[in-house]
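Student: Sharing structure-v2.tsv (TSV, C-alpha atoms) below.
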```tsv
chain	number	residue	atom	x	y	z
F	26	MET	CA	0.00	0.00	0.00
F	27	ARG	CA	2.89	2.30	0.70
F	28	PHE	CA	3.77	2.39	-3.03
F	29	THR	CA	0.36	3.06	-4.52
F	30	TRP	CA	1.59	6.46	-5.78
F	31	ILE	CA	4.21	4.85	-8.05
F	32	GLN	CA	1.85	3.65	-10.79
F	33	PRO	CA	0.05	7.01	-11.32
F	34	ALA	CA	3.39	8.79	-11.15
F	35	ARG	CA	4.87	6.48	-13.79
F	36	THR	CA	1.84	6.99	-16.03
F	37	ALA	CA	2.03	10.76	-15.57
F	38	LEU	CA	5.76	10.72	-16.42
F	39	LEU	CA	5.15	8.69	-19.57
F	40	ALA	CA	2.36	11.06	-20.62
F	41	LEU	CA	4.65	14.02	-19.94
F	42	ALA	CA	7.48	12.49	-22.00
F	43	LEU	CA	5.16	11.85	-24.93
F	44	ALA	CA	3.63	15.32	-24.69
F	45	ALA	CA	7.11	16.86	-24.86
F	46	CYS	CA	7.74	15.32	-28.27
F	47	GLY	CA	6.32	16.60	-31.55
F	48	GLY	CA	4.65	14.33	-34.06
F	49	GLY	CA	3.07	11.96	-31.59
F	50	GLY	CA	-0.41	12.44	-33.00
F	51	ASP	CA	-3.42	10.33	-32.12
F	52	VAL	CA	-2.46	6.75	-31.72
F	53	THR	CA	-4.91	3.93	-31.67
F	54	ALA	CA	-4.10	0.90	-29.59
F	55	PRO	CA	-2.32	-1.71	-31.75
F	56	PRO	CA	-4.28	-4.88	-32.48
F	57	ALA	CA	-2.79	-7.73	-30.50
F	58	ASP	CA	-2.08	-9.82	-33.61
F	59	ALA	CA	-0.79	-7.01	-35.88
F	60	PRO	CA	2.64	-7.89	-37.31
F	61	ARG	CA	5.55	-5.76	-36.22
F	62	LEU	CA	6.86	-3.30	-38.83
F	63	GLU	CA	10.31	-4.14	-40.12
F	64	ILE	CA	12.40	-0.99	-40.54
F	65	ALA	CA	15.94	-0.76	-41.87
F	66	SER	CA	16.15	2.96	-42.50
F	67	VAL	CA	14.20	6.18	-42.73
F	68	VAL	CA	14.09	8.43	-45.77
F	69	ILE	CA	13.31	12.13	-45.36
F	70	GLU	CA	12.06	13.96	-48.43
F	71	ASP	CA	12.06	17.75	-48.58
F	72	THR	CA	8.90	18.38	-50.59
F	73	GLY	CA	10.00	21.92	-51.46
F	74	THR	CA	13.52	21.31	-52.76
F	75	GLY	CA	13.34	17.61	-53.56
F	76	ASP	CA	16.36	16.96	-51.32
F	77	ILE	CA	16.55	13.44	-49.94
F	78	MET	CA	18.21	12.40	-46.71
F	79	PHE	CA	18.34	8.82	-45.51
F	80	SER	CA	19.70	6.89	-42.58
F	81	HIS	CA	22.12	4.08	-43.27
F	82	ASP	CA	22.83	1.82	-40.31
F	83	ASN	CA	23.81	4.30	-37.60
F	84	HIS	CA	24.58	7.37	-39.68
F	85	TRP	CA	22.90	9.61	-42.27
F	86	HIS	CA	23.48	10.65	-45.82
F	87	GLY	CA	22.28	14.21	-46.35
F	88	PHE	CA	20.94	16.77	-43.91
F	89	PRO	CA	18.27	19.48	-43.90
F	90	VAL	CA	19.14	23.15	-44.20
F	91	VAL	CA	16.67	25.81	-43.13
F	92	ALA	CA	16.94	29.57	-42.85
F	93	VAL	CA	16.12	31.48	-39.67
F	94	GLY	CA	12.37	32.02	-39.87
F	95	GLY	CA	12.19	29.68	-42.86
F	96	ARG	CA	10.28	26.42	-43.05
F	97	ARG	CA	11.11	23.07	-44.61
F	98	SER	CA	8.32	20.60	-45.26
F	99	LEU	CA	9.69	17.11	-44.68
F	100	ARG	CA	7.90	13.86	-45.49
F	101	VAL	CA	8.99	10.74	-43.68
F	102	HIS	CA	9.25	7.38	-45.42
F	103	PHE	CA	10.64	4.07	-44.25
F	104	VAL	CA	12.47	1.22	-45.93
F	105	LYS	CA	12.42	-2.40	-44.86
F	106	GLN	CA	15.39	-3.62	-46.87
F	107	GLY	CA	18.80	-2.98	-45.31
F	108	ARG	CA	21.80	-1.92	-47.38
F	109	ALA	CA	25.38	-3.14	-47.41
F	110	PRO	CA	27.81	-0.89	-45.50
F	111	ASP	CA	29.47	0.23	-48.75
F	112	ASP	CA	26.16	0.85	-50.55
F	113	HIS	CA	25.69	4.57	-49.97
F	114	ASP	CA	23.15	5.36	-52.66
F	115	MET	CA	19.57	6.35	-51.91
F	116	PRO	CA	17.14	3.46	-51.40
F	117	PRO	CA	14.97	3.17	-54.52
F	118	ARG	CA	11.61	4.94	-54.31
F	119	ASN	CA	9.64	1.78	-54.99
F	120	GLU	CA	10.85	0.48	-51.62
F	121	TRP	CA	9.61	3.49	-49.65
F	122	PHE	CA	6.52	3.33	-47.51
F	123	SER	CA	4.89	5.76	-45.08
F	124	LEU	CA	2.88	5.30	-41.92
F	125	ALA	CA	-0.33	6.29	-43.71
F	126	ASN	CA	-1.73	2.79	-43.30
F	127	HIS	CA	-0.29	2.29	-39.84
F	128	ALA	CA	-2.56	4.30	-37.56
F	129	ASP	CA	-1.32	2.40	-34.52
F	130	HIS	CA	2.15	3.90	-35.03
F	131	SER	CA	3.36	7.40	-34.23
F	132	LEU	CA	6.52	9.34	-34.92
F	133	PRO	CA	7.69	11.44	-31.98
F	134	VAL	CA	10.37	13.87	-33.08
F	135	VAL	CA	12.77	15.56	-30.69
F	136	ILE	CA	15.03	18.51	-31.50
F	137	GLU	CA	18.21	18.34	-29.44
F	138	ASP	CA	18.44	22.13	-29.15
F	139	PRO	CA	14.91	23.57	-29.47
F	140	SER	CA	16.31	27.11	-29.52
F	141	ARG	CA	17.65	26.34	-33.04
F	142	ALA	CA	14.50	24.99	-34.66
F	143	GLN	CA	10.99	23.77	-34.06
F	144	TRP	CA	9.24	20.66	-35.38
F	145	GLU	CA	5.51	20.37	-35.94
F	146	GLY	CA	4.14	17.25	-37.53
F	147	ASP	CA	2.44	13.91	-37.43
F	148	ARG	CA	3.35	10.35	-38.37
F	149	LEU	CA	3.66	11.25	-42.06
F	150	GLY	CA	6.08	14.11	-41.65
F	151	GLY	CA	6.20	17.69	-40.52
F	152	THR	CA	7.65	21.14	-40.78
F	153	LEU	CA	11.05	22.20	-39.54
F	154	THR	CA	11.12	25.92	-38.73
F	155	GLY	CA	14.44	27.67	-38.21
F	156	ARG	CA	14.73	29.80	-35.07
F	157	ALA	CA	18.41	30.68	-34.62
F	158	ALA	CA	21.49	30.24	-36.80
F	159	GLY	CA	23.64	27.23	-35.97
F	160	ALA	CA	23.31	23.47	-35.97
F	161	SER	CA	21.57	20.81	-33.93
F	162	ARG	CA	20.19	17.29	-34.33
F	163	ILE	CA	16.76	15.72	-34.80
F	164	SER	CA	15.77	12.34	-33.40
F	165	PHE	CA	13.04	10.31	-35.09
F	166	ARG	CA	11.53	7.45	-33.14
F	167	LEU	CA	8.86	5.07	-34.25
F	168	PHE	CA	6.29	4.19	-31.60
F	169	ARG	CA	3.69	1.50	-31.70
F	170	GLY	CA	1.26	2.50	-29.00
F	171	THR	CA	3.64	3.53	-26.24
F	172	THR	CA	6.47	1.19	-27.23
F	173	THR	CA	9.51	2.28	-29.21
F	174	VAL	CA	9.90	-0.14	-32.12
F	175	TRP	CA	12.67	1.68	-34.02
F	176	GLU	CA	14.87	4.70	-33.57
F	177	ALA	CA	16.88	6.52	-36.23
F	178	PRO	CA	20.37	7.85	-35.51
F	179	PRO	CA	20.32	11.60	-34.77
F	180	LEU	CA	20.11	13.70	-37.93
F	181	ASN	CA	22.22	16.84	-38.07
F	182	PHE	CA	20.65	19.96	-39.51
F	183	THR	CA	21.85	23.49	-40.16
F	184	VAL	CA	20.01	26.76	-39.62
F	185	ARG	CA	21.36	29.49	-41.88
F	186	PRO	CA	21.20	33.21	-40.90
A	156	MET	CA	36.54	-20.72	2.99
A	157	PRO	CA	38.86	-22.63	0.59
A	158	ARG	CA	35.80	-23.79	-1.35
A	159	ARG	CA	34.66	-20.17	-1.73
A	160	SER	CA	38.05	-19.01	-3.00
A	161	SER	CA	38.16	-21.93	-5.48
A	162	PHE	CA	34.78	-20.91	-6.77
A	163	LEU	CA	35.91	-17.31	-7.17
A	164	ALA	CA	39.06	-18.43	-9.02
A	165	LEU	CA	36.99	-20.59	-11.36
A	166	ALA	CA	34.51	-17.78	-11.97
A	167	GLY	CA	37.37	-15.38	-12.71
A	168	ALA	CA	38.96	-17.82	-15.16
A	169	ALA	CA	35.60	-18.31	-16.91
A	170	LEU	CA	35.18	-14.54	-17.17
A	171	LEU	CA	38.62	-14.18	-18.74
A	172	LEU	CA	37.87	-16.93	-21.26
A	173	VAL	CA	34.61	-15.25	-22.22
A	174	ALA	CA	36.44	-11.92	-22.61
A	175	CYS	CA	38.97	-13.59	-24.92
A	176	GLU	CA	36.20	-15.03	-27.06
A	177	HIS	CA	34.50	-11.66	-27.30
A	178	PRO	CA	37.17	-8.96	-27.35
A	179	ILE	CA	35.99	-5.43	-26.79
A	180	ALA	CA	35.57	-3.77	-30.17
A	181	VAL	CA	37.18	-0.40	-30.69
A	182	VAL	CA	34.42	1.87	-31.97
A	183	THR	CA	35.36	5.23	-33.39
A	184	PRO	CA	32.69	7.91	-33.72
A	185	HIS	CA	31.16	8.82	-37.04
A	186	ALA	CA	32.57	11.93	-38.61
A	187	GLU	CA	29.67	14.38	-38.72
A	188	ILE	CA	30.77	16.31	-41.78
A	189	ALA	CA	28.77	18.96	-43.60
A	190	ASP	CA	31.21	20.06	-46.31
A	191	LEU	CA	34.46	19.29	-48.11
A	192	VAL	CA	37.03	21.86	-49.19
A	193	PHE	CA	39.94	21.04	-51.53
A	194	SER	CA	43.03	23.21	-51.67
A	195	ASP	CA	46.02	23.12	-53.97
A	196	SER	CA	48.89	21.47	-52.10
A	197	ALA	CA	51.45	23.98	-53.38
A	198	SER	CA	49.63	27.32	-53.29
A	199	ARG	CA	47.09	26.38	-50.55
A	200	ALA	CA	44.45	28.21	-52.60
A	201	VAL	CA	40.96	26.75	-52.41
A	202	VAL	CA	40.32	24.92	-55.66
A	203	MET	CA	36.80	23.70	-55.06
A	204	ARG	CA	34.35	23.22	-52.20
A	205	THR	CA	30.85	22.09	-51.45
A	206	THR	CA	28.08	24.20	-49.95
A	207	ASP	CA	25.78	22.29	-47.58
A	208	ASN	CA	27.07	19.21	-49.45
A	209	ARG	CA	24.61	20.01	-52.24
A	210	THR	CA	26.54	22.04	-54.77
A	211	TRP	CA	30.16	22.53	-55.82
A	212	SER	CA	31.92	25.82	-56.37
A	213	GLY	CA	34.88	25.51	-58.73
A	214	ALA	CA	32.97	23.32	-61.16
A	215	PRO	CA	33.60	22.23	-63.78
A	216	PHE	CA	37.06	21.28	-62.64
A	217	VAL	CA	39.36	21.50	-65.67
A	218	MET	CA	42.56	19.51	-66.09
A	219	CYS	CA	44.90	18.64	-68.91
A	220	ALA	CA	45.52	15.06	-69.99
A	221	ASP	CA	48.45	13.52	-68.11
A	222	ASP	CA	48.17	16.18	-65.41
A	223	VAL	CA	48.37	15.24	-61.76
A	224	ARG	CA	46.90	17.66	-59.21
A	225	THR	CA	47.79	17.12	-55.57
A	226	LEU	CA	44.94	18.41	-53.43
A	227	VAL	CA	44.57	18.80	-49.69
A	228	PRO	CA	41.05	17.91	-48.53
A	229	GLN	CA	39.51	19.57	-45.51
A	230	ALA	CA	36.35	18.29	-43.85
A	231	ILE	CA	34.09	20.81	-42.11
A	232	ASP	CA	31.63	19.69	-39.46
A	233	PHE	CA	28.17	21.11	-38.76
A	234	ARG	CA	29.55	23.75	-36.44
A	235	GLY	CA	32.05	25.00	-38.99
A	236	GLN	CA	35.00	23.27	-37.31
A	237	SER	CA	37.64	21.41	-39.26
A	238	VAL	CA	37.85	17.65	-38.75
A	239	ASP	CA	41.44	16.46	-38.50
A	240	LEU	CA	41.80	14.02	-41.39
A	241	VAL	CA	45.45	13.34	-40.61
A	242	SER	CA	45.18	12.20	-37.00
A	243	ARG	CA	41.84	10.41	-37.55
A	244	ARG	CA	43.41	7.32	-39.06
A	245	ASP	CA	39.98	5.68	-39.27
A	246	LEU	CA	39.00	8.22	-41.93
A	247	GLU	CA	40.05	8.36	-45.56
A	248	ILE	CA	38.97	10.56	-48.47
A	249	ARG	CA	38.04	8.26	-51.33
A	250	GLY	CA	37.00	9.21	-54.84
A	251	GLU	CA	34.67	7.70	-57.40
A	252	SER	CA	34.57	8.59	-61.09
A	253	THR	CA	31.90	7.71	-63.60
A	254	GLN	CA	34.56	7.40	-66.32
A	255	PRO	CA	38.01	5.84	-66.04
A	256	ASN	CA	39.80	8.86	-67.50
A	257	VAL	CA	40.07	10.48	-64.05
A	258	VAL	CA	41.30	8.69	-60.96
A	259	TRP	CA	41.59	9.86	-57.34
A	260	GLU	CA	44.52	8.45	-55.41
A	261	PRO	CA	44.02	8.92	-51.64
A	262	LEU	CA	47.07	9.72	-49.55
A	263	ARG	CA	47.34	10.58	-45.86
A	264	GLY	CA	46.08	14.16	-45.47
A	265	ARG	CA	45.97	14.77	-49.21
A	266	GLY	CA	45.26	13.05	-52.50
A	267	ARG	CA	46.15	13.11	-56.16
A	268	LEU	CA	43.69	13.63	-58.99
A	269	LEU	CA	45.09	11.96	-62.09
A	270	ALA	CA	43.84	12.94	-65.55
A	271	LEU	CA	44.58	9.91	-67.69
A	272	ALA	CA	42.77	10.80	-70.91
A	273	PRO	CA	40.77	13.66	-72.47
A	274	GLY	CA	37.03	13.73	-71.95
A	275	THR	CA	34.44	14.63	-69.36
A	276	THR	CA	33.49	12.74	-66.25
A	277	ARG	CA	31.85	13.19	-62.88
A	278	VAL	CA	33.75	12.63	-59.66
A	279	ARG	CA	32.44	12.41	-56.13
A	280	PHE	CA	34.33	12.11	-52.88
A	281	LEU	CA	33.55	9.99	-49.87
A	282	VAL	CA	34.69	10.38	-46.29
A	283	TRP	CA	35.32	6.71	-45.71
A	284	HIS	CA	35.02	5.53	-42.12
A	285	LEU	CA	36.44	2.00	-41.82
A	286	THR	CA	33.59	0.14	-43.53
A	287	HIS	CA	31.23	2.80	-44.87
A	288	ALA	CA	30.93	6.37	-46.06
A	289	ASP	CA	30.18	9.00	-43.42
A	290	LEU	CA	29.76	11.57	-46.19
A	291	VAL	CA	29.18	11.28	-49.92
A	292	SER	CA	29.72	14.52	-51.82
A	293	PRO	CA	27.59	15.59	-54.78
A	294	TRP	CA	28.99	14.78	-58.22
A	295	LEU	CA	31.62	17.21	-59.52
A	296	GLU	CA	31.90	17.77	-63.27
A	297	VAL	CA	35.49	17.29	-64.43
A	298	THR	CA	36.77	18.15	-67.91
A	299	VAL	CA	40.08	16.82	-69.16
A	300	LEU	CA	41.47	18.71	-72.16
A	301	PRO	CA	43.80	17.07	-74.67
A	302	ALA	CA	47.43	17.61	-73.73
A	303	ALA	CA	48.08	19.41	-77.01
A	304	ASN	CA	45.50	22.07	-76.08
A	305	CYS	CA	47.32	22.76	-72.85
A	306	ALA	CA	50.89	22.65	-74.13
A	307	ALA	CA	50.78	26.28	-75.27
A	308	SER	CA	49.78	27.57	-71.85
A	309	ARG	CA	52.39	25.51	-69.97
```
Show me, as structure tokens, the structure contained in the file I just sent.

Tutor:
Amino acid sequence: MRFTWIQPARTALLALALAACGGGGDVTAPPADAPRLEIASVVIEDTGTGDIMFSHDNHWHGFPVVAVGGRRSLRVHFVKQGRAPDDHDMPPRNEWFSLANHADHSLPVVIEDPSRAQWEGDRLGGTLTGRAAGASRISFRLFRGTTTVWEAPPLNFTVRP
Amino acid sequence: MPRRSSFLALAGAALLLVACEHPIAVVTPHAEIADLVFSDSASRAVVMRTTDNRTWSGAPFVMCADDVRTLVPQAIDFRGQSVDLVSRRDLEIRGESTQPNVVWEPLRGRGRLLALAPGTTRVRFLVWHLTHADLVSPWLEVTVLPAANCAASR
């Protein structure tokens, strides 16, 4: 009985952690028998410039650049098929898929230094808005319900004056 | 008490054996590089560089057939700091060419661009980190003029 406060406190902490991240969105509870998504890498597409950035094992190829006060619209895709360490070309588009048909998944996004930029989005992507010149990193995590099922390596980005 | 010390000795020996089977891997951090700058090894003048690793200034890069240009690469990180490519022995600047008339020969802290035959090609550079590329530059247009065209200006 002495520890009855622990469970509500843990729940409140979890809710607080999720609320602190952008891109969580509404998440429906995953069906018990739904297969787990296989993810090898994430592909970020800048819909304005056409720039592509993609994770490869534990590093990235490409990075977003945004001006102070500017906005970059970034769509998030995933790839199931892994690549060899020396294969550094972009995964082919026919292998990309989004979370459009995966309503039980969410994509919390955390900016390492929120004074540099802001992220607003959902599980399909979002907008990166530059706040102050410099550089920082973005973390993309894939949640199913409240469980992390995949996490991308931190993505560097630059905010230009 | 002797039984306890024997057990500890056995456990220690088992731990050592396991450690030998699974040696601790030496992991070096990824080089978080935003741009590459190439300077002439003799004059130290900047010959070409990338901007946000999207575009090249100094393109097209023009050479004469049979020329060899020794270039000093510099890697710039996301905070504008230079990454030491000489002391980071886990890093190497590699080059890829779409045509065999231009070849990049990596050396420690510098490299040589060899123009073997006239023609045009595209070259890109990779910051190679042991098994993979930490950075792949955009393609750089390279034009190699016939040696006869250059002889007059030499």

Student: Excluding same-chain residues fewer than 3 positions from region 133-145 of chain F, what lies within 10 Å of it counting all atoms listed in the file, as a count of residues only?

Tutor: 46

Student: Set the distance at 12 Å and use all atoms listed in the file: which residues neighbour Pro117 (chain F) once local chain neighbours fewer than 6 positions away are removed? I'd like the list as a JSON list (two decimals) with C-alpha atoms, in the frame of the given file.

Tutor:
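Listing of around_13.json after writing:
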```
[["chain", "number", "residue", "atom", "x", "y", "z"],
["F", 68, "VAL", "CA", 14.09, 8.43, -45.77],
["F", 77, "ILE", "CA", 16.55, 13.44, -49.94],
["F", 79, "PHE", "CA", 18.34, 8.82, -45.51],
["F", 102, "HIS", "CA", 9.25, 7.38, -45.42],
["F", 103, "PHE", "CA", 10.64, 4.07, -44.25],
["F", 104, "VAL", "CA", 12.47, 1.22, -45.93],
["F", 105, "LYS", "CA", 12.42, -2.40, -44.86],
["F", 106, "GLN", "CA", 15.39, -3.62, -46.87],
["F", 107, "GLY", "CA", 18.80, -2.98, -45.31],
["F", 108, "ARG", "CA", 21.80, -1.92, -47.38]]
```

Student: Do you have the CA of Leu271 (chain A)-CA of Val299 (chain A) distance handy?

Tutor: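 If I compute the distance from CA of Leu271 (chain A) to CA of Val299 (chain A), I get 8.4 Å.
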
Student: Could the residues of chain F within 9 Å of chain A, counting only C-alpha atoms, be given as a list in words, please?

Tutor: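 Residues passing the distance filter: Asp76, Asn83, His84, Trp85, His86, Gly87, Phe88, Pro89, Val90, Ala109, Pro110, Asp111, Asp112, His113, Asp114, Gly159, Ala160, Ser161, Asn181, Phe182 and Thr183 of chain F.
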
Student: Fewer than 3 positions away in the same chain doesn't count, so skip those; otherwise give me all residues within 9 Å of Pro215 (chain A), counting all atoms listed in the file, as a ChimeraX atom specification.

Tutor: /A:211-212,295-298

Student: Dump C-alpha atoms for the selected residues as a PDB file, in the frame of the given file?

Tutor:
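File written: out.pdb
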```
ATOM      1  CA  TRP A 211      30.160  22.530 -55.820  1.00  0.00           C
ATOM      2  CA  SER A 212      31.920  25.820 -56.370  1.00  0.00           C
ATOM      3  CA  LEU A 295      31.620  17.210 -59.520  1.00  0.00           C
ATOM      4  CA  GLU A 296      31.900  17.770 -63.270  1.00  0.00           C
ATOM      5  CA  VAL A 297      35.490  17.290 -64.430  1.00  0.00           C
ATOM      6  CA  THR A 298      36.770  18.150 -67.910  1.00  0.00           C
TER       7      THR A 298
END
```

Student: Mind giving me the straight-line distance from CA of Arg265 (chain A) to CA of Cys305 (chain A) in Å, one decimal?

Tutor: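 Between CA of Arg265 (chain A) and CA of Cys305 (chain A) the gap works out to 25.0 Å.
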
Student: Using all atoms listed in the file, which residues sit within 8 Å of region 300-304 of chain A once same-chain residues fewer than 5 positions away are excluded, as a PyMOL selection string?

Tutor: chain A and resi 217-221+272-274

Student: Interatomic distance between CA of Ser66 (chain F) and CA of Phe122 (chain F)?

Tutor: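 Computed distance, CA of Ser66 (chain F) to CA of Phe122 (chain F), equals 10.9 Å.
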
Student: Measuring atom to atom with all atoms listed in the file, identify which of A:Arg204, A:Arg263, A:Arg199, A:Arg224 is nearest to Trp294 (chain A).

Tutor: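 Once distances to Trp294 (chain A) are computed over all atoms listed in the file, the minimum belongs to A:Arg204.
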
Student: Counting only C-alpha atoms, which residues come within 9 Å of (38.2, 13.0, -59.8), with the point read in the file's coordinates, and could you list them as a VMD selection string?

Tutor: chain A and resid 216 250 to 252 256 to 260 267 to 270 276 to 280 295 to 297
